[in-house]
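Undergrad: For reference, the file structure10.txt (compact mmCIF, C-alpha atoms) is included below:
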# COMPACT_ATOMS: atom_id res chain seq x y z
CA ASP A 541 206.86 136.48 -23.52
CA VAL A 542 204.16 136.68 -26.13
CA LYS A 543 202.81 140.16 -26.46
CA VAL A 544 199.47 141.11 -27.93
CA THR A 545 198.99 144.86 -28.05
CA GLN A 546 195.75 146.68 -28.67
CA SER A 547 196.16 150.26 -29.79
CA SER A 548 193.70 151.86 -27.36
CA ARG A 549 192.49 151.03 -23.86
CA TYR A 550 189.50 153.36 -24.02
CA LEU A 551 187.62 154.87 -26.96
CA VAL A 552 184.55 157.07 -27.16
CA LYS A 553 182.95 157.39 -30.59
CA ARG A 554 179.75 158.88 -31.97
CA THR A 555 176.94 156.93 -33.57
CA GLY A 556 177.57 156.48 -37.30
CA GLU A 557 181.34 156.92 -37.12
CA LYS A 558 183.68 154.42 -38.73
CA VAL A 559 185.84 152.90 -35.99
CA PHE A 560 189.11 151.02 -36.28
CA LEU A 561 190.45 148.80 -33.51
CA GLU A 562 194.03 147.69 -34.05
CA CYS A 563 195.83 144.66 -32.70
CA VAL A 564 199.48 143.65 -33.11
CA GLN A 565 201.22 140.45 -31.97
CA ASP A 566 204.95 139.84 -31.87
CA MET A 567 205.21 136.04 -31.99
CA ASP A 568 204.61 135.31 -35.67
CA HIS A 569 201.29 133.60 -34.86
CA GLU A 570 199.15 132.41 -37.75
CA ASN A 571 195.83 132.74 -35.92
CA MET A 572 194.30 135.96 -34.68
CA PHE A 573 190.88 136.53 -33.15
CA TRP A 574 188.52 139.35 -32.17
CA TYR A 575 186.13 138.76 -29.29
CA ARG A 576 183.51 140.92 -27.71
CA GLN A 577 182.95 140.71 -23.93
CA ASP A 578 179.65 141.65 -22.33
CA PRO A 579 178.45 140.95 -18.76
CA GLY A 580 176.58 137.67 -18.49
CA LEU A 581 177.44 136.69 -22.06
CA GLY A 582 181.12 135.89 -21.68
CA LEU A 583 183.33 136.24 -24.74
CA ARG A 584 181.76 135.93 -28.14
CA LEU A 585 183.83 135.49 -31.30
CA ILE A 586 183.35 138.18 -33.92
CA TYR A 587 185.91 137.26 -36.59
CA PHE A 588 189.10 135.28 -36.86
CA SER A 589 191.93 134.87 -39.32
CA TYR A 590 194.16 131.88 -40.08
CA ASP A 591 196.59 133.73 -42.30
CA VAL A 592 197.30 136.98 -44.06
CA LYS A 593 194.30 138.13 -46.11
CA MET A 594 192.26 135.20 -44.76
CA LYS A 595 189.23 135.82 -42.57
CA GLU A 596 186.27 133.88 -41.30
CA LYS A 597 183.11 134.94 -39.53
CA GLY A 598 182.65 134.03 -35.93
CA ASP A 599 179.39 133.88 -34.02
CA ILE A 600 178.43 137.58 -34.16
CA PRO A 601 179.95 139.20 -37.29
CA GLU A 602 177.05 141.52 -38.10
CA GLY A 603 178.08 145.18 -38.15
CA TYR A 604 181.80 144.35 -38.18
CA SER A 605 184.51 143.67 -40.72
CA VAL A 606 188.21 142.86 -40.41
CA SER A 607 191.47 143.34 -42.22
CA ARG A 608 194.69 141.37 -42.10
CA GLU A 609 197.23 142.75 -44.53
CA LYS A 610 200.27 141.71 -42.48
CA LYS A 611 200.73 138.63 -40.34
CA GLU A 612 201.29 140.57 -37.12
CA ARG A 613 198.33 142.93 -37.42
CA PHE A 614 194.59 142.26 -37.27
CA SER A 615 192.15 145.15 -37.44
CA LEU A 616 188.50 145.20 -36.44
CA ILE A 617 186.32 147.73 -38.25
CA LEU A 618 182.94 149.04 -37.21
CA GLU A 619 181.58 150.44 -40.47
CA SER A 620 178.94 152.60 -38.79
CA ALA A 621 179.12 152.49 -35.02
CA SER A 622 175.91 152.00 -33.07
CA THR A 623 175.18 152.21 -29.36
CA ASN A 624 174.67 148.43 -29.14
CA GLN A 625 178.32 148.02 -30.07
CA THR A 626 179.37 149.61 -26.78
CA SER A 627 181.45 146.83 -25.23
CA MET A 628 184.89 145.51 -24.30
CA TYR A 629 186.78 144.19 -27.34
CA LEU A 630 189.54 141.64 -26.89
CA CYS A 631 192.11 140.57 -29.44
CA ALA A 632 193.90 137.23 -29.18
CA SER A 633 196.47 135.22 -31.12
CA ASN A 634 198.10 131.81 -31.23
CA SER A 635 199.97 129.49 -33.55
CA GLY A 636 197.82 127.01 -35.44
CA THR A 637 199.34 124.03 -33.70
CA GLY A 638 199.47 125.74 -30.33
CA ILE A 639 195.77 126.26 -29.75
CA GLN A 640 195.29 122.83 -28.17
CA LEU A 641 198.28 123.19 -25.87
CA ASN A 642 198.27 126.87 -24.99
CA GLY A 643 194.86 128.28 -25.82
CA ALA A 644 195.36 131.84 -26.96
CA PHE A 645 197.19 134.96 -25.79
CA PHE A 646 195.12 138.06 -25.17
CA GLY A 647 195.60 141.78 -25.41
CA GLN A 648 194.51 144.11 -22.61
CA GLY A 649 191.24 144.97 -24.25
CA THR A 650 189.66 148.12 -25.68
CA ARG A 651 186.62 149.50 -23.92
CA LEU A 652 184.56 151.17 -26.62
CA THR A 653 181.69 153.49 -25.80
CA VAL A 654 179.42 154.65 -28.62
CA VAL A 655 177.36 157.73 -27.79
CA GLY B 201 178.01 122.33 -31.48
CA ASN B 202 180.64 123.02 -28.85
CA SER B 203 179.62 124.95 -25.76
CA VAL B 204 180.72 125.75 -22.21
CA THR B 205 178.46 126.42 -19.22
CA GLN B 206 179.69 127.99 -15.99
CA MET B 207 177.92 128.55 -12.71
CA GLU B 208 176.41 131.96 -12.42
CA GLY B 209 177.97 134.54 -10.18
CA PRO B 210 178.84 136.64 -8.49
CA VAL B 211 180.50 134.44 -5.91
CA THR B 212 181.33 136.21 -2.67
CA LEU B 213 183.65 134.52 -0.17
CA SER B 214 185.59 135.45 2.92
CA GLU B 215 189.37 135.25 2.85
CA GLU B 216 190.69 131.68 3.37
CA ALA B 217 187.40 130.08 2.30
CA PHE B 218 187.26 127.15 -0.14
CA LEU B 219 186.38 127.98 -3.72
CA THR B 220 184.61 125.91 -6.35
CA ILE B 221 183.47 127.30 -9.69
CA ASN B 222 181.60 124.74 -11.76
CA CYS B 223 182.19 124.30 -15.48
CA THR B 224 180.64 121.75 -17.82
CA TYR B 225 181.12 121.41 -21.55
CA THR B 226 179.70 119.90 -24.71
CA ALA B 227 182.14 119.06 -27.47
CA THR B 228 182.86 116.73 -30.32
CA GLY B 229 186.29 115.22 -30.63
CA TYR B 230 188.93 115.66 -27.95
CA PRO B 231 188.99 119.24 -26.72
CA SER B 232 191.55 120.87 -24.49
CA LEU B 233 190.13 122.71 -21.49
CA PHE B 234 191.29 125.99 -19.97
CA TRP B 235 190.62 128.39 -17.15
CA TYR B 236 191.38 132.05 -17.78
CA VAL B 237 191.38 134.86 -15.22
CA GLN B 238 190.65 138.53 -15.83
CA TYR B 239 191.72 140.99 -13.15
CA PRO B 240 189.98 144.39 -13.08
CA GLY B 241 190.87 146.53 -16.08
CA GLU B 242 193.00 143.87 -17.73
CA GLY B 243 192.83 141.29 -20.50
CA LEU B 244 192.57 137.54 -20.01
CA GLN B 245 195.46 135.48 -18.65
CA LEU B 246 195.73 131.72 -18.87
CA LEU B 247 195.40 130.31 -15.36
CA LEU B 248 195.62 126.58 -16.03
CA LYS B 249 194.91 123.97 -18.67
CA ALA B 250 194.33 120.26 -19.28
CA THR B 251 194.73 118.63 -22.66
CA LYS B 252 193.31 115.16 -22.10
CA ALA B 253 190.96 113.22 -19.85
CA ASP B 254 192.03 112.83 -16.20
CA ASP B 255 194.71 115.51 -16.54
CA LYS B 256 194.88 117.94 -13.64
CA GLY B 257 195.87 121.51 -14.34
CA SER B 258 197.24 123.60 -11.49
CA ASN B 259 198.67 127.08 -10.93
CA LYS B 260 198.81 129.61 -8.07
CA GLY B 261 196.96 127.21 -5.74
CA PHE B 262 194.10 126.69 -8.22
CA GLU B 263 193.33 123.21 -9.59
CA ALA B 264 190.95 121.67 -12.12
CA THR B 265 190.62 118.07 -13.32
CA TYR B 266 189.45 117.14 -16.83
CA ARG B 267 186.54 114.71 -16.22
CA LYS B 268 185.40 113.18 -19.48
CA GLU B 269 182.75 110.99 -17.85
CA THR B 270 180.96 114.01 -16.39
CA THR B 271 182.13 116.49 -19.08
CA SER B 272 183.33 118.82 -16.35
CA PHE B 273 186.34 120.97 -15.47
CA HIS B 274 185.55 122.55 -12.10
CA LEU B 275 187.95 125.14 -10.69
CA GLU B 276 188.96 124.79 -7.03
CA LYS B 277 191.18 126.57 -4.54
CA GLY B 278 191.60 125.58 -0.93
CA SER B 279 192.07 129.06 0.55
CA VAL B 280 191.23 132.18 -1.41
CA GLN B 281 192.83 135.57 -0.94
CA VAL B 282 191.54 139.08 -1.57
CA SER B 283 193.93 139.26 -4.53
CA ASP B 284 192.01 136.38 -6.20
CA SER B 285 189.06 138.71 -6.79
CA ALA B 286 188.56 138.61 -10.56
CA VAL B 287 186.41 137.18 -13.34
CA TYR B 288 187.09 133.53 -14.19
CA PHE B 289 186.35 132.03 -17.60
CA CYS B 290 186.20 128.37 -18.52
CA ALA B 291 187.00 127.62 -22.17
CA LEU B 292 187.57 124.77 -24.57
CA SER B 293 189.47 124.47 -27.82
CA SER B 294 188.70 121.91 -30.40
CA SER B 295 191.28 120.72 -32.89
CA ASN B 296 188.79 120.64 -35.72
CA THR B 297 187.89 124.33 -35.42
CA GLY B 298 191.01 125.94 -33.97
CA LYS B 299 188.85 128.31 -31.94
CA LEU B 300 188.34 128.92 -28.23
CA ILE B 301 184.78 128.70 -26.93
CA PHE B 302 184.14 130.49 -23.62
CA GLY B 303 181.66 130.19 -20.82
CA GLN B 304 179.81 133.19 -19.47
CA GLY B 305 182.39 134.04 -16.84
CA THR B 306 182.05 133.97 -13.05
CA THR B 307 182.88 136.99 -10.92
CA LEU B 308 184.63 136.16 -7.66
CA GLN B 309 184.78 138.69 -4.86
CA VAL B 310 186.85 137.85 -1.80
CA LYS B 311 186.32 139.94 1.31
CA PRO B 312 188.92 140.35 4.06
Here is the file; what I need is its structure written in the form of structure tokens.
TA:
Amino acid sequence: DVKVTQSSRYLVKRTGEKVFLECVQDMDHENMFWYRQDPGLGLRLIYFSYDVKMKEKGDIPEGYSVSREKKERFSLILESASTNQTSMYLCASNSGTGIQLNGAFFGQGTRLTVV
Amino acid sequence: GNSVTQMEGPVTLSEEAFLTINCTYTATGYPSLFWYVQYPGEGLQLLLKATKADDKGSNKGFEATYRKETTSFHLEKGSVQVSDSAVYFCALSSSNTGKLIFGQGTTLQVKP
């Protein structure tokens, strides 16, 4: 089974802190994604990556950056956390050719609260 | 651009009732369509999928048919159970972007 693992289930951080959310997948997938989930808004794409050191902005990249130094790991960085970044963050991955057949595989999510 | 619209929730049903959650989409090209389910405190799991027009996806008693003429992919189940209580997301993927686009999600609550 494909496994996508997010490093934390719950995080509480203070306003202005630099926050790292880590995601690791074990299926050698090329594509990795970071989504943000908020009630009534569904999932919104923050950033995605097609390969190591490659990244592209999604629909809501402001206030975030990402890092992909190794194929299996995709990190989301909040440079200076703000209260409006309190949300559920979901990481996902899939092979480039698999997206049409299998969609994507998701981690369990990290619920981040910024106080 | 590509988009997905789901019916607003929450949807509250009694056990063994019939379920329909509406989903319509706008897309260029030939997208694949998916339903994902999110149980409380968990990530998203793929429930079912359809990759071309008139395909029917099915799993765990849930069904959805890819209707190109009405650009719809409605989720149905004949008899819901309390354990089906979850948030359901409709999504599409488009070969020219490689991304998944999600609807807003519909919360289903099934009461015994």
Undergrad: Counting all atoms listed in the file, which residues from chain A have an atom at most 6 Å from any atom of chain B, and could you show them as a list in words?
TA: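 Every residue meeting the condition is included here: Gly580, Leu581, Gly582, Leu583, Gln640, Phe646, Gly647, Gln648 and Gly649 of chain A.
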Undergrad: If we count all atoms listed in the file and set the cut-off at 8 Å, which residues sit around Trp574 in chain A, ignoring sequence neighbours fewer than 4 positions away in its own chain? Please answer as a PDB file with C-alpha atoms, in the frame of the given file.
TA:
ATOM      1  CA  LEU A 585     183.830 135.490 -31.300  1.00  0.00           C
ATOM      2  CA  ILE A 586     183.350 138.180 -33.920  1.00  0.00           C
ATOM      3  CA  TYR A 587     185.910 137.260 -36.590  1.00  0.00           C
ATOM      4  CA  PHE A 588     189.100 135.280 -36.860  1.00  0.00           C
ATOM      5  CA  LEU A 616     188.500 145.200 -36.440  1.00  0.00           C
ATOM      6  CA  TYR A 629     186.780 144.190 -27.340  1.00  0.00           C
ATOM      7  CA  LEU A 630     189.540 141.640 -26.890  1.00  0.00           C
ATOM      8  CA  CYS A 631     192.110 140.570 -29.440  1.00  0.00           C
ATOM      9  CA  ALA A 632     193.900 137.230 -29.180  1.00  0.00           C
TER      10      ALA A 632
END
Undergrad: Counting all atoms listed in the file, find residues at most 8 Å from (186.0, 119.1, -18.5) (file frame) and give them as a list in words.
TA: Cys223, Thr224, Tyr225, Leu233, Ala253, Thr265, Tyr266, Arg267, Lys268, Thr270, Thr271, Ser272, Phe273 and His274 of chain B
Undergrad: What is the distance, in Å and to one decimal place, between CA of Ser285 in chain B and CA of Ala264 in chain B?
TA: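 Answer for the CA of Ser285 in chain B to CA of Ala264 in chain B separation: 18.0 Å.
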Undergrad: Of the candidates A:Glu612, A:Ala621, A:Lys543, A:Phe573, which one gets nearest to Lys597 in chain A if we count all atoms listed in the file?
TA: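 When distances to Lys597 in chain A are compared using all atoms listed in the file, the smallest one comes from A:Phe573.
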Undergrad: If you measure from CA of Ala286 in chain B to CA of Leu561 in chain A, what distance in Å do you get, rounded to one decimal?
TA: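 Computing it gives 25.2 Å between the two atoms.
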Undergrad: Kindly extract all protein, DNA and RNA residues lying within 10 Å of the coordinates (197.1, 131.6, -30.4) given in the file, considering only C-alpha atoms, and supply them as a list in words.
TA: Val542, Gln565, Met567, Asp568, His569, Glu570, Asn571, Met572, Phe573, Ala632, Ser633, Asn634, Ser635, Gly636, Thr637, Gly638, Ile639, Gln640, Leu641, Asn642, Gly643, Ala644, Phe645 and Phe646 of chain A; Gly298, Lys299 and Leu300 of chain B
Undergrad: Just how far from CA of Tyr575 in chain A is CA of Tyr604 in chain A, in Å to one decimal?
TA: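 About the pair CA of Tyr604 in chain A and CA of Tyr575 in chain A: they are 11.4 Å apart.
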Undergrad: Can you tell me, as number ranges by chain, what residues are no more than 10 Å from Val310 in chain B when counting only C-alpha atoms, ignoring any on the same chain fewer than 6 positions away?
TA: B: 211-217, 280-286
Undergrad: As a compact mmCIF listing (two decimals) with C-alpha atoms, in the frame of the given file, please: the residues near Thr650 in chain A (cut-off 6 Å, only C-alpha atoms, same-chain neighbours under 3 positions excluded).
TA:
# COMPACT_ATOMS: atom_id res chain seq x y z
CA SER A 548 193.70 151.86 -27.36
CA ARG A 549 192.49 151.03 -23.86
CA TYR A 550 189.50 153.36 -24.02
CA MET A 628 184.89 145.51 -24.30
CA TYR A 629 186.78 144.19 -27.34
Undergrad: Counting only C-alpha atoms, which residue out of A:Asn624, A:Ser607, A:Ser589, A:Ser615 sits closest to Glu562 in chain A?
TA: A:Ser615
Undergrad: Starting from the incomplete input, reconstruct N, CA and C atoms of range 626-641 of chain A and write that as a PDB file, keeping the file's coordinate frame.
TA:
ATOM      1  N   THR A 626     178.639 149.230 -27.986  1.00  0.00           N
ATOM      2  CA  THR A 626     179.370 149.610 -26.780  1.00  0.00           C
ATOM      3  C   THR A 626     179.721 148.324 -26.031  1.00  0.00           C
ATOM      4  N   SER A 627     181.016 148.105 -25.804  1.00  0.00           N
ATOM      5  CA  SER A 627     181.450 146.830 -25.230  1.00  0.00           C
ATOM      6  C   SER A 627     182.951 146.857 -24.986  1.00  0.00           C
ATOM      7  N   MET A 628     183.452 145.756 -24.400  1.00  0.00           N
ATOM      8  CA  MET A 628     184.890 145.510 -24.300  1.00  0.00           C
ATOM      9  C   MET A 628     185.274 144.592 -25.462  1.00  0.00           C
ATOM     10  N   TYR A 629     186.310 144.986 -26.209  1.00  0.00           N
ATOM     11  CA  TYR A 629     186.780 144.190 -27.340  1.00  0.00           C
ATOM     12  C   TYR A 629     188.169 143.627 -27.015  1.00  0.00           C
ATOM     13  N   LEU A 630     188.301 142.336 -27.222  1.00  0.00           N
ATOM     14  CA  LEU A 630     189.540 141.640 -26.890  1.00  0.00           C
ATOM     15  C   LEU A 630     190.107 140.977 -28.134  1.00  0.00           C
ATOM     16  N   CYS A 631     191.393 141.212 -28.357  1.00  0.00           N
ATOM     17  CA  CYS A 631     192.110 140.570 -29.440  1.00  0.00           C
ATOM     18  C   CYS A 631     192.936 139.427 -28.859  1.00  0.00           C
ATOM     19  N   ALA A 632     193.104 138.363 -29.641  1.00  0.00           N
ATOM     20  CA  ALA A 632     193.900 137.230 -29.180  1.00  0.00           C
ATOM     21  C   ALA A 632     194.650 136.633 -30.362  1.00  0.00           C
ATOM     22  N   SER A 633     195.717 135.886 -30.045  1.00  0.00           N
ATOM     23  CA  SER A 633     196.470 135.220 -31.120  1.00  0.00           C
ATOM     24  C   SER A 633     197.040 133.910 -30.610  1.00  0.00           C
ATOM     25  N   ASN A 634     197.344 133.000 -31.540  1.00  0.00           N
ATOM     26  CA  ASN A 634     198.100 131.810 -31.230  1.00  0.00           C
ATOM     27  C   ASN A 634     198.575 131.155 -32.522  1.00  0.00           C
ATOM     28  N   SER A 635     199.535 130.275 -32.405  1.00  0.00           N
ATOM     29  CA  SER A 635     199.970 129.490 -33.550  1.00  0.00           C
ATOM     30  C   SER A 635     198.910 128.435 -33.841  1.00  0.00           C
ATOM     31  N   GLY A 636     198.838 127.987 -35.055  1.00  0.00           N
ATOM     32  CA  GLY A 636     197.820 127.010 -35.440  1.00  0.00           C
ATOM     33  C   GLY A 636     197.938 125.721 -34.665  1.00  0.00           C
ATOM     34  N   THR A 637     199.155 125.276 -34.428  1.00  0.00           N
ATOM     35  CA  THR A 637     199.340 124.030 -33.700  1.00  0.00           C
ATOM     36  C   THR A 637     199.305 124.239 -32.196  1.00  0.00           C
ATOM     37  N   GLY A 638     199.372 125.460 -31.754  1.00  0.00           N
ATOM     38  CA  GLY A 638     199.470 125.740 -30.330  1.00  0.00           C
ATOM     39  C   GLY A 638     198.143 125.871 -29.622  1.00  0.00           C
ATOM     40  N   ILE A 639     197.060 125.959 -30.382  1.00  0.00           N
ATOM     41  CA  ILE A 639     195.770 126.260 -29.750  1.00  0.00           C
ATOM     42  C   ILE A 639     195.382 125.177 -28.761  1.00  0.00           C
ATOM     43  N   GLN A 640     195.687 123.911 -29.065  1.00  0.00           N
ATOM     44  CA  GLN A 640     195.290 122.830 -28.170  1.00  0.00           C
ATOM     45  C   GLN A 640     196.144 122.794 -26.909  1.00  0.00           C
ATOM     46  N   LEU A 641     197.378 123.242 -27.012  1.00  0.00           N
ATOM     47  CA  LEU A 641     198.280 123.190 -25.870  1.00  0.00           C
ATOM     48  C   LEU A 641     198.239 124.465 -25.040  1.00  0.00           C
TER      49      LEU A 641
END
